[in-house]
Amino acid sequence: MKYFEDLKVGAARTLGSYTFTAENIKRFARKYDPQPFHLDEEAAKNSLFGALCASGWHTGAACMRVMVDAEKREAEQARARGEEVVSFGPSPGFKNLKWLRPVFVGDTITYSSEITGLRELASRSDYGLMHGLTIGVNQNGERVYQFESTAFIPRRPK
Amino acid sequence: MDARTARICYEDFEVGSVRTYGPRRVTREEIIEFATEFDPQPMHLDDEAGRKSMLKGLAGSGWQTCALMMRMIYDGLLHESSSLGAPGVDEMRWVRPVRPNDELTIKITCLEKRDSKSRPAVGLVRHDLEMTNAKSEVVMTSSYSGFFGKRNPGAAS
């Protein structure tokens with residue numbers, strides 16, 4: 001991650017991929033979203049989805065994981081080049097999260113993100129706010145997931 | 001659950017009605033377990049790193065708070081409803097960090113309901129949600145929608 005001042009609206013990057021299995025779908029669902037269509041193949045067949053599919057929150061959590069992994073990868077590359085490494089701050093939330101299509105067993109979702117806005121904060125001089133559009137696309141090229149993200153990004157010390 | 005046998009169907013949501021669920025205690029182990037698998041940032045894994053961060057202490061991943069919210073809605077309502085899944089979330093605000101041993105409560109207010117145009121047996125219900133901790137501080141707010149089956153698809157709603 002770079003400083004807020006180094007970011008540009010329109011900059012896009014692929015974050016990484018996550019494969020959903022019957023095992024990880026059911027494990028997430030048992031803990032957080034035990035609706036029958038996330039837990040049981042037979043019940044899912046008779047649901048609107050037609051087959052066992054991941055909790056939407058599993059799709060969201062998996063996206064967070066590939067985002068963190070991408071940050072770590074890029075931080076290592078920056079360190080290897082002898083550059084300073086900056087950690088991004090927390091997020092105040094998101095907007096317009098859409099589960100566009102079900103995520104089924106065996107689907108591999110590739111997540112990517114684009115910077116859509118950069119805003120200075122009146123309340124604090126050490127962070128800026130980054131707006132982004134993050135999407136998830138399955139192996140057939142169909143968009144299954146998207147949301148408008150926000151994150152606090154450290155500003156370059158003066 | 002089949003709308004013919006579910007206790008809560010599309011017809012049972014009244015605009016303006018309020019439901020409260022919880023409390024649900026969040027343990028340190030759960031916070032670290034979720035973060036290890038899905039959000040391994042230092043402030044979600046380690047006390048010292050948390051203290052040094054903007055969150056000023058170990059805090060759960062916001063995505064875990066969403067997942068916990070989901071579970072609380074399931075336990076409170078969805079398990080005996082004709083829920084058919086959800087198209088998305090209009091807005092989610094992570095207002096305050098969720099700490100180990102926080103006891104979370106959710107309050108959901110029905111905002112709007114709409115018949116599905118393409119599927120006569122289905123309706124969409126939109127809710128506002130507020131999650132608070134034991135000190136009654138708001139930790140998260142949201143506005144989201146869910147599909148529910150109708151008990152009597154032929155009747156006017």
# chains A, B, ... in the order shown; residues from 1 in each chain; ligands from 1
$ closest_atom_pairs --of "chain B" --to "chain A" --cutoff "6 Å" --atoms "only C-alpha atoms" --output "CSV"
residue,atom,partner,partner_atom,distance
B:Phe38,CA,A:Arg65,CA,4.6
B:Asp39,CA,A:Arg65,CA,5.2
B:Trp63,CA,A:Ala61,CA,5.9
B:Ala67,CA,A:Tyr32,CA,5.5
B:Arg71,CA,A:Tyr32,CA,4.8
B:Pro87,CA,A:Trp99,CA,5.3
B:Gly88,CA,A:Lys98,CA,4.3
B:Val89,CA,A:Leu97,CA,5.0
B:Asp90,CA,A:Asn96,CA,4.4
B:Glu91,CA,A:Lys95,CA,4.3
B:Met92,CA,A:Gly93,CA,5.2
B:Arg93,CA,A:Gly93,CA,4.3
B:Trp94,CA,A:Pro92,CA,5.1
$ residues_around --residues "Ala134 (chain B)" --least-positions-apart "2" --cutoff "9 Å" --atoms "only C-alpha atoms" --output "JSON, numbers by chain"
{"B": [23, 102, 103, 104, 105, 132, 136, 137]}
$ write_last_selection --atoms "N, CA and C atoms" --output "mmCIF file, in the first residue's frame"
data_model
loop_
_atom_site.group_PDB
_atom_site.id
_atom_site.type_symbol
_atom_site.label_atom_id
_atom_site.label_comp_id
_atom_site.auth_asym_id
_atom_site.auth_seq_id
_atom_site.Cartn_x
_atom_site.Cartn_y
_atom_site.Cartn_z
ATOM 1 N N PRO B 23 -28.770 -10.838 23.565
ATOM 2 C CA PRO B 23 -27.380 -10.525 23.215
ATOM 3 C C PRO B 23 -26.598 -11.752 22.763
ATOM 4 N N ASP B 102 -17.556 -8.512 23.986
ATOM 5 C CA ASP B 102 -18.706 -7.639 23.746
ATOM 6 C C ASP B 102 -19.973 -8.483 23.659
ATOM 7 N N GLU B 103 -21.065 -7.940 24.166
ATOM 8 C CA GLU B 103 -22.365 -8.598 24.052
ATOM 9 C C GLU B 103 -23.195 -7.780 23.073
ATOM 10 N N LEU B 104 -23.472 -8.380 21.933
ATOM 11 C CA LEU B 104 -24.095 -7.630 20.841
ATOM 12 C C LEU B 104 -25.596 -7.891 20.774
ATOM 13 N N THR B 105 -26.325 -6.812 20.531
ATOM 14 C CA THR B 105 -27.777 -6.881 20.358
ATOM 15 C C THR B 105 -28.118 -6.205 19.044
ATOM 16 N N THR B 132 -25.828 -2.881 18.793
ATOM 17 C CA THR B 132 -25.257 -2.165 19.937
ATOM 18 C C THR B 132 -24.505 -3.143 20.832
ATOM 19 N N SER B 136 -24.716 -0.061 25.314
ATOM 20 C CA SER B 136 -25.697 0.594 24.439
ATOM 21 C C SER B 136 -25.051 1.523 23.418
ATOM 22 N N GLU B 137 -23.766 1.325 23.154
ATOM 23 C CA GLU B 137 -23.111 2.090 22.088
ATOM 24 C C GLU B 137 -23.380 1.388 20.764
#
$ closest_residue --among "B:Arg51, B:Arg119, B:Arg7, B:Lys107" --to "Thr20 (chain B)" --atoms "only C-alpha atoms"
B:Lys107
$ residues_around --residues "Gly123 (chain B)" --least-positions-apart "6" --cutoff "12 Å" --atoms "only C-alpha atoms" --output "list in words"
Ala3, Cys9, Tyr10, Glu11, Asp12, Phe13, Ser82, Ser83, Leu84, Gly85, Ala86, Pro87, Glu112, Lys113, Arg114, Asp115, Ser116, Lys117, Ser145, Gly146, Phe147, Phe148, Gly149, Lys150, Arg151, Asn152, Pro153, Ala156 and Ser157 of chain B
$ select_by_dssp --residues "region 17-134 of chain A" --states "alpha helix (DSSP H)" --output "PyMOL selection string"
chain A and resi 22-32+36-39+41-45+56-80
$ atom_distance --atom1 "CA of Gly141 (chain A)" --atom2 "CA of Tyr111 (chain A)"
11.5 Å
$ atom_distance --atom1 "CA of Ile8 (chain B)" --atom2 "CA of His79 (chain B)"
9.2 Å
$ closest_residue --among "A:Arg143, A:Arg155, A:Lys2, A:Arg27" --to "Arg119 (chain A)" --atoms "only C-alpha atoms"
A:Arg155
$ select_by_dssp --residues "chain A" --states "strand (DSSP E)" --output "ChimeraX atom specification"
/A:12-19,93-99,108-120,127-137,143-154
$ atom_distance --atom1 "CA of Ile109 (chain A)" --atom2 "CA of Ala54 (chain A)"
11.6 Å
